[in-house]
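See below for target-v3.txt, which holds compact mmCIF, N, CA and C atoms.
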# COMPACT_ATOMS: atom_id res chain seq x y z
N MET K 167 -58.29 47.63 78.02
CA MET K 167 -58.15 46.23 78.36
C MET K 167 -57.13 45.56 77.43
N ARG K 168 -57.20 45.88 76.17
CA ARG K 168 -56.30 45.27 75.20
C ARG K 168 -54.84 45.64 75.49
N ALA K 169 -54.61 46.86 75.94
CA ALA K 169 -53.25 47.31 76.26
C ALA K 169 -52.68 46.49 77.41
N TRP K 170 -53.51 46.17 78.41
CA TRP K 170 -53.05 45.36 79.53
C TRP K 170 -52.66 43.96 79.09
N PHE K 171 -53.43 43.41 78.16
CA PHE K 171 -53.14 42.08 77.64
C PHE K 171 -51.80 42.08 76.93
N VAL K 172 -51.55 43.10 76.13
CA VAL K 172 -50.28 43.20 75.40
C VAL K 172 -49.13 43.36 76.38
N LEU K 173 -49.31 44.19 77.39
CA LEU K 173 -48.26 44.37 78.39
C LEU K 173 -47.99 43.08 79.17
N ALA K 174 -49.05 42.37 79.53
CA ALA K 174 -48.88 41.11 80.26
C ALA K 174 -48.16 40.08 79.39
N LEU K 175 -48.51 40.02 78.13
CA LEU K 175 -47.87 39.09 77.20
C LEU K 175 -46.39 39.44 77.04
N ALA K 176 -46.09 40.70 76.90
CA ALA K 176 -44.69 41.14 76.76
C ALA K 176 -43.90 40.84 78.03
N ALA K 177 -44.50 41.07 79.18
CA ALA K 177 -43.81 40.80 80.44
C ALA K 177 -43.53 39.31 80.61
N SER K 178 -44.49 38.47 80.23
CA SER K 178 -44.26 37.03 80.37
C SER K 178 -43.19 36.55 79.40
N ALA K 179 -43.12 37.12 78.23
CA ALA K 179 -42.08 36.75 77.27
C ALA K 179 -40.71 37.16 77.77
N CYS K 180 -40.61 38.29 78.41
CA CYS K 180 -39.32 38.78 78.91
C CYS K 180 -38.85 37.97 80.11
N SER K 181 -39.79 37.46 80.90
CA SER K 181 -39.39 36.75 82.10
C SER K 181 -39.18 35.26 81.87
N SER K 182 -39.50 34.78 80.68
CA SER K 182 -39.33 33.35 80.43
C SER K 182 -37.85 33.02 80.29
N LYS K 183 -37.51 31.80 80.68
CA LYS K 183 -36.12 31.36 80.61
C LYS K 183 -35.84 30.79 79.22
N PRO K 184 -34.62 30.90 78.77
CA PRO K 184 -34.27 30.31 77.47
C PRO K 184 -34.49 28.80 77.49
N ASP K 185 -34.85 28.24 76.35
CA ASP K 185 -35.09 26.80 76.23
C ASP K 185 -33.77 26.09 75.93
N CYS K 186 -33.02 25.83 76.97
CA CYS K 186 -31.72 25.18 76.84
C CYS K 186 -31.85 23.79 76.23
N THR K 187 -32.85 23.05 76.65
CA THR K 187 -32.98 21.65 76.23
C THR K 187 -33.14 21.52 74.72
N SER K 188 -34.06 22.25 74.14
CA SER K 188 -34.27 22.16 72.69
C SER K 188 -33.05 22.64 71.92
N ALA K 189 -32.48 23.76 72.36
CA ALA K 189 -31.33 24.32 71.66
C ALA K 189 -30.14 23.36 71.68
N VAL K 190 -29.82 22.84 72.84
CA VAL K 190 -28.66 21.96 72.99
C VAL K 190 -28.88 20.63 72.29
N ASN K 191 -30.05 20.03 72.50
CA ASN K 191 -30.31 18.74 71.84
C ASN K 191 -30.18 18.85 70.33
N GLY K 192 -30.76 19.88 69.75
CA GLY K 192 -30.68 20.07 68.30
C GLY K 192 -29.26 20.31 67.84
N ALA K 193 -28.53 21.15 68.55
CA ALA K 193 -27.16 21.47 68.15
C ALA K 193 -26.26 20.24 68.22
N ILE K 194 -26.35 19.49 69.29
CA ILE K 194 -25.50 18.30 69.42
C ILE K 194 -25.85 17.26 68.37
N ASP K 195 -27.13 17.07 68.12
CA ASP K 195 -27.53 16.14 67.06
C ASP K 195 -26.94 16.57 65.71
N ARG K 196 -27.02 17.85 65.40
CA ARG K 196 -26.48 18.35 64.12
C ARG K 196 -24.97 18.20 64.05
N MET K 197 -24.27 18.49 65.14
CA MET K 197 -22.81 18.40 65.14
C MET K 197 -22.37 16.94 64.97
N ILE K 198 -23.04 16.04 65.64
CA ILE K 198 -22.67 14.63 65.54
C ILE K 198 -22.99 14.09 64.15
N ASP K 199 -24.14 14.45 63.62
CA ASP K 199 -24.48 14.01 62.26
C ASP K 199 -23.46 14.53 61.25
N ASP K 200 -23.06 15.78 61.43
CA ASP K 200 -22.08 16.38 60.52
C ASP K 200 -20.72 15.69 60.64
N ALA K 201 -20.28 15.44 61.87
CA ALA K 201 -18.96 14.84 62.10
C ALA K 201 -18.93 13.36 61.72
N ARG K 202 -20.05 12.68 61.87
CA ARG K 202 -20.12 11.24 61.61
C ARG K 202 -19.63 10.90 60.20
N GLY K 203 -19.94 11.72 59.24
CA GLY K 203 -19.53 11.46 57.86
C GLY K 203 -18.03 11.57 57.64
N ARG K 204 -17.34 12.25 58.53
CA ARG K 204 -15.89 12.45 58.37
C ARG K 204 -15.06 11.57 59.30
N MET K 205 -15.71 10.78 60.14
CA MET K 205 -15.00 9.98 61.14
C MET K 205 -14.89 8.53 60.71
N PRO K 206 -13.84 7.87 61.18
CA PRO K 206 -13.79 6.41 61.02
C PRO K 206 -14.94 5.80 61.83
N PRO K 207 -15.42 4.64 61.44
CA PRO K 207 -16.56 4.02 62.15
C PRO K 207 -16.37 3.87 63.66
N ALA K 208 -15.19 3.50 64.10
CA ALA K 208 -14.96 3.32 65.54
C ALA K 208 -15.10 4.65 66.29
N ALA K 209 -14.57 5.72 65.71
CA ALA K 209 -14.69 7.04 66.35
C ALA K 209 -16.14 7.49 66.39
N ALA K 210 -16.86 7.25 65.30
CA ALA K 210 -18.28 7.62 65.25
C ALA K 210 -19.07 6.85 66.31
N ALA K 211 -18.73 5.60 66.51
CA ALA K 211 -19.42 4.79 67.52
C ALA K 211 -19.13 5.33 68.92
N ASN K 212 -17.90 5.75 69.17
CA ASN K 212 -17.55 6.31 70.48
C ASN K 212 -18.32 7.61 70.73
N ILE K 213 -18.42 8.45 69.73
CA ILE K 213 -19.14 9.71 69.89
C ILE K 213 -20.63 9.44 70.10
N ALA K 214 -21.19 8.52 69.35
CA ALA K 214 -22.61 8.18 69.52
C ALA K 214 -22.87 7.66 70.93
N ARG K 215 -21.91 6.94 71.48
CA ARG K 215 -22.05 6.36 72.82
C ARG K 215 -22.17 7.45 73.89
N ILE K 216 -21.54 8.59 73.69
CA ILE K 216 -21.57 9.65 74.71
C ILE K 216 -22.55 10.78 74.37
N GLN K 217 -23.28 10.64 73.29
CA GLN K 217 -24.17 11.69 72.83
C GLN K 217 -25.16 12.13 73.92
N GLY K 218 -25.80 11.19 74.58
CA GLY K 218 -26.76 11.52 75.63
C GLY K 218 -26.11 12.24 76.80
N ALA K 219 -24.94 11.77 77.20
CA ALA K 219 -24.24 12.41 78.31
C ALA K 219 -23.80 13.82 77.94
N MET K 220 -23.36 14.00 76.70
CA MET K 220 -22.94 15.33 76.25
C MET K 220 -24.13 16.29 76.29
N LYS K 221 -25.27 15.83 75.81
CA LYS K 221 -26.46 16.68 75.87
C LYS K 221 -26.77 17.06 77.31
N ARG K 222 -26.75 16.06 78.18
CA ARG K 222 -27.09 16.31 79.59
C ARG K 222 -26.18 17.35 80.22
N VAL K 223 -24.86 17.22 80.05
CA VAL K 223 -23.96 18.15 80.73
C VAL K 223 -24.01 19.55 80.13
N VAL K 224 -24.23 19.66 78.83
CA VAL K 224 -24.33 21.00 78.23
C VAL K 224 -25.64 21.66 78.63
N ILE K 225 -26.73 20.89 78.68
CA ILE K 225 -28.00 21.45 79.16
C ILE K 225 -27.84 21.92 80.61
N GLU K 226 -27.19 21.10 81.43
CA GLU K 226 -26.97 21.49 82.83
C GLU K 226 -26.14 22.77 82.91
N ALA K 227 -25.11 22.89 82.08
CA ALA K 227 -24.30 24.10 82.09
C ALA K 227 -25.15 25.30 81.70
N CYS K 228 -25.97 25.14 80.67
CA CYS K 228 -26.84 26.22 80.21
C CYS K 228 -27.79 26.68 81.31
N VAL K 229 -28.42 25.74 81.97
CA VAL K 229 -29.39 26.06 83.02
C VAL K 229 -28.69 26.58 84.27
N ASP K 230 -27.71 25.83 84.76
CA ASP K 230 -27.04 26.18 86.02
C ASP K 230 -26.31 27.52 85.92
N ASP K 231 -25.69 27.76 84.78
CA ASP K 231 -24.89 28.99 84.61
C ASP K 231 -25.69 30.12 83.97
N GLN K 232 -26.96 29.89 83.75
CA GLN K 232 -27.89 30.90 83.26
C GLN K 232 -27.40 31.59 81.98
N TRP K 233 -27.25 30.78 80.93
CA TRP K 233 -26.85 31.34 79.65
C TRP K 233 -27.89 32.33 79.17
N SER K 234 -27.44 33.36 78.51
CA SER K 234 -28.34 34.39 78.00
C SER K 234 -29.15 33.85 76.82
N GLN K 235 -30.23 34.55 76.54
CA GLN K 235 -31.07 34.18 75.39
C GLN K 235 -30.25 34.26 74.11
N LEU K 236 -29.33 35.22 74.03
CA LEU K 236 -28.47 35.37 72.85
C LEU K 236 -27.66 34.10 72.61
N VAL K 237 -27.09 33.55 73.67
CA VAL K 237 -26.28 32.33 73.55
C VAL K 237 -27.16 31.14 73.15
N VAL K 238 -28.30 31.01 73.82
CA VAL K 238 -29.19 29.88 73.54
C VAL K 238 -29.70 29.95 72.10
N ASP K 239 -30.06 31.14 71.64
CA ASP K 239 -30.51 31.29 70.25
C ASP K 239 -29.38 30.95 69.28
N CYS K 240 -28.18 31.37 69.60
CA CYS K 240 -27.02 31.07 68.76
C CYS K 240 -26.82 29.56 68.66
N VAL K 241 -26.87 28.88 69.79
CA VAL K 241 -26.72 27.42 69.82
C VAL K 241 -27.84 26.76 69.03
N ALA K 242 -29.05 27.25 69.19
CA ALA K 242 -30.20 26.66 68.51
C ALA K 242 -30.08 26.75 67.00
N HIS K 243 -29.40 27.78 66.51
CA HIS K 243 -29.29 28.00 65.06
C HIS K 243 -27.96 27.55 64.47
N ALA K 244 -27.04 27.11 65.31
CA ALA K 244 -25.71 26.69 64.81
C ALA K 244 -25.87 25.47 63.91
N SER K 245 -25.35 25.59 62.70
CA SER K 245 -25.51 24.49 61.73
C SER K 245 -24.25 23.65 61.58
N ASN K 246 -23.14 24.12 62.17
CA ASN K 246 -21.90 23.35 62.09
C ASN K 246 -21.01 23.72 63.27
N GLN K 247 -19.88 23.05 63.37
CA GLN K 247 -18.99 23.27 64.52
C GLN K 247 -18.45 24.69 64.56
N LYS K 248 -18.16 25.26 63.42
CA LYS K 248 -17.65 26.64 63.38
C LYS K 248 -18.68 27.61 63.96
N ALA K 249 -19.94 27.42 63.60
CA ALA K 249 -21.00 28.28 64.12
C ALA K 249 -21.18 28.08 65.63
N LEU K 250 -21.08 26.85 66.07
CA LEU K 250 -21.21 26.56 67.50
C LEU K 250 -20.04 27.17 68.28
N ASP K 251 -18.85 27.10 67.71
CA ASP K 251 -17.69 27.74 68.35
C ASP K 251 -17.89 29.25 68.48
N ALA K 252 -18.56 29.84 67.50
CA ALA K 252 -18.84 31.28 67.57
C ALA K 252 -19.78 31.60 68.73
N CYS K 253 -20.70 30.70 69.02
CA CYS K 253 -21.63 30.89 70.14
C CYS K 253 -20.86 30.93 71.46
N ASP K 254 -19.83 30.12 71.55
CA ASP K 254 -19.00 30.03 72.75
C ASP K 254 -18.44 31.39 73.14
N LYS K 255 -18.20 32.21 72.17
CA LYS K 255 -17.62 33.54 72.43
C LYS K 255 -18.59 34.47 73.14
N HIS K 256 -19.89 34.15 73.11
CA HIS K 256 -20.89 34.97 73.79
C HIS K 256 -21.03 34.61 75.27
N LEU K 257 -20.43 33.51 75.69
CA LEU K 257 -20.46 33.12 77.11
C LEU K 257 -19.48 33.98 77.89
N THR K 258 -19.76 34.16 79.18
CA THR K 258 -18.78 34.82 80.03
C THR K 258 -17.62 33.84 80.24
N LYS K 259 -16.52 34.34 80.75
CA LYS K 259 -15.38 33.47 81.00
C LYS K 259 -15.75 32.34 81.96
N ALA K 260 -16.48 32.65 83.01
CA ALA K 260 -16.88 31.64 83.99
C ALA K 260 -17.83 30.62 83.37
N GLN K 261 -18.77 31.07 82.54
CA GLN K 261 -19.68 30.14 81.87
C GLN K 261 -18.93 29.22 80.92
N ARG K 262 -18.00 29.80 80.18
CA ARG K 262 -17.21 29.01 79.21
C ARG K 262 -16.38 27.97 79.93
N GLU K 263 -15.72 28.35 81.02
CA GLU K 263 -14.90 27.41 81.78
C GLU K 263 -15.74 26.29 82.37
N SER K 264 -16.92 26.62 82.86
CA SER K 264 -17.82 25.61 83.43
C SER K 264 -18.26 24.62 82.36
N GLU K 265 -18.66 25.13 81.21
CA GLU K 265 -19.11 24.26 80.12
C GLU K 265 -17.97 23.39 79.62
N HIS K 266 -16.79 23.96 79.46
CA HIS K 266 -15.65 23.18 78.97
C HIS K 266 -15.24 22.10 79.96
N LYS K 267 -15.28 22.41 81.25
CA LYS K 267 -14.93 21.42 82.26
C LYS K 267 -15.89 20.23 82.19
N ARG K 268 -17.16 20.53 82.05
CA ARG K 268 -18.17 19.47 81.99
C ARG K 268 -18.01 18.62 80.72
N THR K 269 -17.84 19.28 79.60
CA THR K 269 -17.75 18.53 78.34
C THR K 269 -16.44 17.77 78.23
N ASP K 270 -15.37 18.31 78.79
CA ASP K 270 -14.09 17.58 78.77
C ASP K 270 -14.20 16.25 79.50
N GLU K 271 -14.93 16.23 80.60
CA GLU K 271 -15.12 14.98 81.36
C GLU K 271 -15.86 13.94 80.51
N VAL K 272 -16.85 14.38 79.78
CA VAL K 272 -17.61 13.45 78.93
C VAL K 272 -16.76 12.99 77.75
N LEU K 273 -16.00 13.90 77.16
CA LEU K 273 -15.17 13.53 76.01
C LEU K 273 -14.11 12.50 76.39
N LYS K 274 -13.64 12.53 77.62
CA LYS K 274 -12.69 11.51 78.08
C LYS K 274 -13.31 10.12 77.98
N LEU K 275 -14.60 10.04 78.22
CA LEU K 275 -15.30 8.75 78.18
C LEU K 275 -15.34 8.18 76.76
N ALA K 276 -15.28 9.06 75.76
CA ALA K 276 -15.33 8.59 74.37
C ALA K 276 -14.09 7.78 74.01
N THR K 277 -13.01 8.00 74.74
CA THR K 277 -11.77 7.28 74.45
C THR K 277 -11.61 6.01 75.28
N MET K 278 -12.52 5.82 76.23
CA MET K 278 -12.45 4.64 77.08
C MET K 278 -13.09 3.44 76.38
N PRO K 279 -12.63 2.24 76.68
CA PRO K 279 -13.30 1.05 76.15
C PRO K 279 -14.75 1.03 76.62
N ALA K 280 -15.65 0.55 75.76
CA ALA K 280 -17.08 0.58 76.05
C ALA K 280 -17.43 -0.10 77.37
N ASP K 281 -16.72 -1.16 77.72
CA ASP K 281 -17.07 -1.88 78.95
C ASP K 281 -16.63 -1.15 80.22
N MET K 282 -15.87 -0.06 80.07
CA MET K 282 -15.43 0.71 81.24
C MET K 282 -16.26 1.96 81.46
N VAL K 283 -17.12 2.31 80.51
CA VAL K 283 -17.94 3.52 80.63
C VAL K 283 -19.13 3.21 81.50
N PRO K 284 -19.43 4.11 82.47
CA PRO K 284 -20.60 3.88 83.34
C PRO K 284 -21.86 3.66 82.51
N VAL K 285 -22.72 2.78 83.00
CA VAL K 285 -23.94 2.40 82.27
C VAL K 285 -24.85 3.60 82.03
N ASP K 286 -24.97 4.50 82.99
CA ASP K 286 -25.91 5.61 82.87
C ASP K 286 -25.36 6.80 82.10
N ILE K 287 -24.18 6.69 81.54
CA ILE K 287 -23.55 7.84 80.88
C ILE K 287 -24.37 8.33 79.69
N GLY K 288 -25.03 7.47 78.99
CA GLY K 288 -25.76 7.89 77.80
C GLY K 288 -27.12 8.48 78.07
N SER K 289 -27.60 8.44 79.30
CA SER K 289 -28.94 8.94 79.55
C SER K 289 -28.97 10.46 79.45
N ALA K 290 -29.94 10.95 78.74
CA ALA K 290 -30.10 12.40 78.55
C ALA K 290 -31.16 12.92 79.49
N ARG K 291 -31.14 14.18 79.73
CA ARG K 291 -32.09 14.85 80.60
C ARG K 291 -33.45 14.90 79.96
Rewrite the structure of this file - the entire thing - as structure tokens.
Amino acid sequence: MRAWFVLALAASACSSKPDCTSAVNGAIDRMIDDARGRMPPAAAANIARIQGAMKRVVIEACVDDQWSQLVVDCVAHASNQKALDACDKHLTKAQRESEHKRTDEVLKLATMPADMVPVDIGSAR
């Protein structure tokens, strides 16, 4: 009986999906906190304004493009931009292009005047 329990537990662990939300939210929060200290106040305000949207689109890329557990774990443990860039190398070319396309659209919003950015842009998943 005990062997069946161990096998069932192992099977459920293998079939579970990576936790994109926790990994991405933590990584983006760390990257923004790290960058905030090196940015002029106006730039930091622009980045803070798009933080929720950035989380949303990266989580969507992770889920929609089915990032591997290796990538999600890498993102979850990335402590700075260099480490996060290293995680990018574990994505397939198609996954990387999808994620970059999504994030580029959000980054464009950081350069727009605040009154021109859609109201719902900051909402996170």
Closest of K:His243, K:Lys274, K:Lys267, K:Arg262 to Arg196 (chain K) - atom-to-atom distances counting only C-alpha atoms: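 Distance minimum relative to Arg196 (chain K) lands on K:His243.
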Distance of atom C of Ala276 (chain K) from atom N of Val229 (chain K), expressed in Å to one decimal place: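 Computed distance, atom N of Val229 (chain K) to atom C of Ala276 (chain K), equals 24.3 Å.
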Selection: 6.5 Å around region 191-194 of chain K, only N, CA and C atoms, excl. self and same-chain fewer than 3 positions, as an MDAnalysis selection string: chainID K and resid 186:188 197:199 221 241:242 244
Go ahead and dump the residues you just picked, N, CA and C atoms, as a PDB file, in the coordinates of the input.
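Result went into result27.pdb, see below:
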ATOM      1  N   CYS K 186     -33.020  25.830  76.970  1.00  0.00           N
ATOM      2  CA  CYS K 186     -31.720  25.180  76.840  1.00  0.00           C
ATOM      3  C   CYS K 186     -31.850  23.790  76.230  1.00  0.00           C
ATOM      4  N   THR K 187     -32.850  23.050  76.650  1.00  0.00           N
ATOM      5  CA  THR K 187     -32.980  21.650  76.230  1.00  0.00           C
ATOM      6  C   THR K 187     -33.140  21.520  74.720  1.00  0.00           C
ATOM      7  N   SER K 188     -34.060  22.250  74.140  1.00  0.00           N
ATOM      8  CA  SER K 188     -34.270  22.160  72.690  1.00  0.00           C
ATOM      9  C   SER K 188     -33.050  22.640  71.920  1.00  0.00           C
ATOM     10  N   MET K 197     -24.270  18.490  65.140  1.00  0.00           N
ATOM     11  CA  MET K 197     -22.810  18.400  65.140  1.00  0.00           C
ATOM     12  C   MET K 197     -22.370  16.940  64.970  1.00  0.00           C
ATOM     13  N   ILE K 198     -23.040  16.040  65.640  1.00  0.00           N
ATOM     14  CA  ILE K 198     -22.670  14.630  65.540  1.00  0.00           C
ATOM     15  C   ILE K 198     -22.990  14.090  64.150  1.00  0.00           C
ATOM     16  N   ASP K 199     -24.140  14.450  63.620  1.00  0.00           N
ATOM     17  CA  ASP K 199     -24.480  14.010  62.260  1.00  0.00           C
ATOM     18  C   ASP K 199     -23.460  14.530  61.250  1.00  0.00           C
ATOM     19  N   LYS K 221     -25.270  15.830  75.810  1.00  0.00           N
ATOM     20  CA  LYS K 221     -26.460  16.680  75.870  1.00  0.00           C
ATOM     21  C   LYS K 221     -26.770  17.060  77.310  1.00  0.00           C
ATOM     22  N   VAL K 241     -26.870  28.880  69.790  1.00  0.00           N
ATOM     23  CA  VAL K 241     -26.720  27.420  69.820  1.00  0.00           C
ATOM     24  C   VAL K 241     -27.840  26.760  69.030  1.00  0.00           C
ATOM     25  N   ALA K 242     -29.050  27.250  69.190  1.00  0.00           N
ATOM     26  CA  ALA K 242     -30.200  26.660  68.510  1.00  0.00           C
ATOM     27  C   ALA K 242     -30.080  26.750  67.000  1.00  0.00           C
ATOM     28  N   ALA K 244     -27.040  27.110  65.310  1.00  0.00           N
ATOM     29  CA  ALA K 244     -25.710  26.690  64.810  1.00  0.00           C
ATOM     30  C   ALA K 244     -25.870  25.470  63.910  1.00  0.00           C
TER      31      ALA K 244
END
Between atom C of Met205 (chain K) and atom C of Ser245 (chain K), distance in Å (one decimal):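 These atoms are spaced 17.8 Å apart.
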Between CA of Val272 (chain K) and atom N of Met220 (chain K) - distance in Å to one decimal: 6.2 Å
Given only C-alpha atoms as the counted atoms, nearest of K:Thr258, K:Asn212, K:Thr277, K:Thr269 to Trp233 (chain K): K:Thr258
How would region 269-279 of chain K read, as a PDB file, in the coordinates of the input, once all heavy atoms are built in?
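This went into result_36.pdb:
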ATOM      1  N   THR K 269     -17.840  19.280  79.600  1.00  0.00           N
ATOM      2  CA  THR K 269     -17.750  18.530  78.340  1.00  0.00           C
ATOM      3  C   THR K 269     -16.440  17.770  78.230  1.00  0.00           C
ATOM      4  O   THR K 269     -16.412  16.670  77.661  1.00  0.00           O
ATOM      5  CB  THR K 269     -17.937  19.439  77.109  1.00  0.00           C
ATOM      6  OG1 THR K 269     -16.981  20.496  77.124  1.00  0.00           O
ATOM      7  CG2 THR K 269     -19.346  20.007  77.061  1.00  0.00           C
ATOM      8  N   ASP K 270     -15.370  18.310  78.790  1.00  0.00           N
ATOM      9  CA  ASP K 270     -14.090  17.580  78.770  1.00  0.00           C
ATOM     10  C   ASP K 270     -14.200  16.250  79.500  1.00  0.00           C
ATOM     11  O   ASP K 270     -13.638  15.244  79.065  1.00  0.00           O
ATOM     12  CB  ASP K 270     -12.971  18.419  79.386  1.00  0.00           C
ATOM     13  CG  ASP K 270     -12.513  19.562  78.502  1.00  0.00           C
ATOM     14  OD1 ASP K 270     -12.924  19.611  77.317  1.00  0.00           O
ATOM     15  OD2 ASP K 270     -11.756  20.427  78.991  1.00  0.00           O
ATOM     16  N   GLU K 271     -14.930  16.230  80.600  1.00  0.00           N
ATOM     17  CA  GLU K 271     -15.120  14.980  81.360  1.00  0.00           C
ATOM     18  C   GLU K 271     -15.860  13.940  80.510  1.00  0.00           C
ATOM     19  O   GLU K 271     -15.518  12.763  80.529  1.00  0.00           O
ATOM     20  CB  GLU K 271     -15.875  15.244  82.659  1.00  0.00           C
ATOM     21  CG  GLU K 271     -15.064  16.008  83.689  1.00  0.00           C
ATOM     22  CD  GLU K 271     -13.783  15.286  84.088  1.00  0.00           C
ATOM     23  OE1 GLU K 271     -13.841  14.069  84.362  1.00  0.00           O
ATOM     24  OE2 GLU K 271     -12.731  15.934  84.126  1.00  0.00           O
ATOM     25  N   VAL K 272     -16.850  14.380  79.780  1.00  0.00           N
ATOM     26  CA  VAL K 272     -17.610  13.450  78.930  1.00  0.00           C
ATOM     27  C   VAL K 272     -16.760  12.990  77.750  1.00  0.00           C
ATOM     28  O   VAL K 272     -16.771  11.818  77.381  1.00  0.00           O
ATOM     29  CB  VAL K 272     -18.931  14.087  78.452  1.00  0.00           C
ATOM     30  CG1 VAL K 272     -19.650  13.181  77.460  1.00  0.00           C
ATOM     31  CG2 VAL K 272     -19.837  14.385  79.641  1.00  0.00           C
ATOM     32  N   LEU K 273     -16.000  13.900  77.160  1.00  0.00           N
ATOM     33  CA  LEU K 273     -15.170  13.530  76.010  1.00  0.00           C
ATOM     34  C   LEU K 273     -14.110  12.500  76.390  1.00  0.00           C
ATOM     35  O   LEU K 273     -13.746  11.656  75.570  1.00  0.00           O
ATOM     36  CB  LEU K 273     -14.517  14.769  75.395  1.00  0.00           C
ATOM     37  CG  LEU K 273     -15.480  15.670  74.629  1.00  0.00           C
ATOM     38  CD1 LEU K 273     -14.789  16.971  74.238  1.00  0.00           C
ATOM     39  CD2 LEU K 273     -16.048  14.963  73.409  1.00  0.00           C
ATOM     40  N   LYS K 274     -13.640  12.530  77.620  1.00  0.00           N
ATOM     41  CA  LYS K 274     -12.690  11.510  78.080  1.00  0.00           C
ATOM     42  C   LYS K 274     -13.310  10.120  77.980  1.00  0.00           C
ATOM     43  O   LYS K 274     -12.627   9.146  77.679  1.00  0.00           O
ATOM     44  CB  LYS K 274     -12.278  11.772  79.532  1.00  0.00           C
ATOM     45  CG  LYS K 274     -11.340  12.933  79.720  1.00  0.00           C
ATOM     46  CD  LYS K 274     -11.037  13.106  81.193  1.00  0.00           C
ATOM     47  CE  LYS K 274     -10.321  14.403  81.460  1.00  0.00           C
ATOM     48  NZ  LYS K 274     -10.123  14.621  82.905  1.00  0.00           N
ATOM     49  N   LEU K 275     -14.600  10.040  78.220  1.00  0.00           N
ATOM     50  CA  LEU K 275     -15.300   8.750  78.180  1.00  0.00           C
ATOM     51  C   LEU K 275     -15.340   8.180  76.760  1.00  0.00           C
ATOM     52  O   LEU K 275     -15.416   6.966  76.588  1.00  0.00           O
ATOM     53  CB  LEU K 275     -16.719   8.895  78.723  1.00  0.00           C
ATOM     54  CG  LEU K 275     -16.820   9.303  80.189  1.00  0.00           C
ATOM     55  CD1 LEU K 275     -18.266   9.582  80.557  1.00  0.00           C
ATOM     56  CD2 LEU K 275     -16.220   8.244  81.088  1.00  0.00           C
ATOM     57  N   ALA K 276     -15.280   9.060  75.760  1.00  0.00           N
ATOM     58  CA  ALA K 276     -15.330   8.590  74.370  1.00  0.00           C
ATOM     59  C   ALA K 276     -14.090   7.780  74.010  1.00  0.00           C
ATOM     60  O   ALA K 276     -14.121   6.963  73.104  1.00  0.00           O
ATOM     61  CB  ALA K 276     -15.488   9.763  73.415  1.00  0.00           C
ATOM     62  N   THR K 277     -13.010   8.000  74.740  1.00  0.00           N
ATOM     63  CA  THR K 277     -11.770   7.280  74.450  1.00  0.00           C
ATOM     64  C   THR K 277     -11.610   6.010  75.280  1.00  0.00           C
ATOM     65  O   THR K 277     -10.687   5.249  75.056  1.00  0.00           O
ATOM     66  CB  THR K 277     -10.549   8.196  74.668  1.00  0.00           C
ATOM     67  OG1 THR K 277     -10.497   8.578  76.044  1.00  0.00           O
ATOM     68  CG2 THR K 277     -10.619   9.426  73.775  1.00  0.00           C
ATOM     69  N   MET K 278     -12.520   5.820  76.230  1.00  0.00           N
ATOM     70  CA  MET K 278     -12.450   4.640  77.080  1.00  0.00           C
ATOM     71  C   MET K 278     -13.090   3.440  76.380  1.00  0.00           C
ATOM     72  O   MET K 278     -14.020   3.613  75.589  1.00  0.00           O
ATOM     73  CB  MET K 278     -13.191   4.884  78.399  1.00  0.00           C
ATOM     74  CG  MET K 278     -12.559   5.936  79.275  1.00  0.00           C
ATOM     75  SD  MET K 278     -13.575   6.300  80.730  1.00  0.00           S
ATOM     76  CE  MET K 278     -13.400   4.781  81.651  1.00  0.00           C
ATOM     77  N   PRO K 279     -12.630   2.240  76.680  1.00  0.00           N
ATOM     78  CA  PRO K 279     -13.300   1.050  76.150  1.00  0.00           C
ATOM     79  C   PRO K 279     -14.750   1.030  76.620  1.00  0.00           C
ATOM     80  O   PRO K 279     -15.059   1.438  77.738  1.00  0.00           O
ATOM     81  CB  PRO K 279     -12.512  -0.119  76.761  1.00  0.00           C
ATOM     82  CG  PRO K 279     -11.193   0.464  77.141  1.00  0.00           C
ATOM     83  CD  PRO K 279     -11.438   1.905  77.479  1.00  0.00           C
TER      84      PRO K 279
END
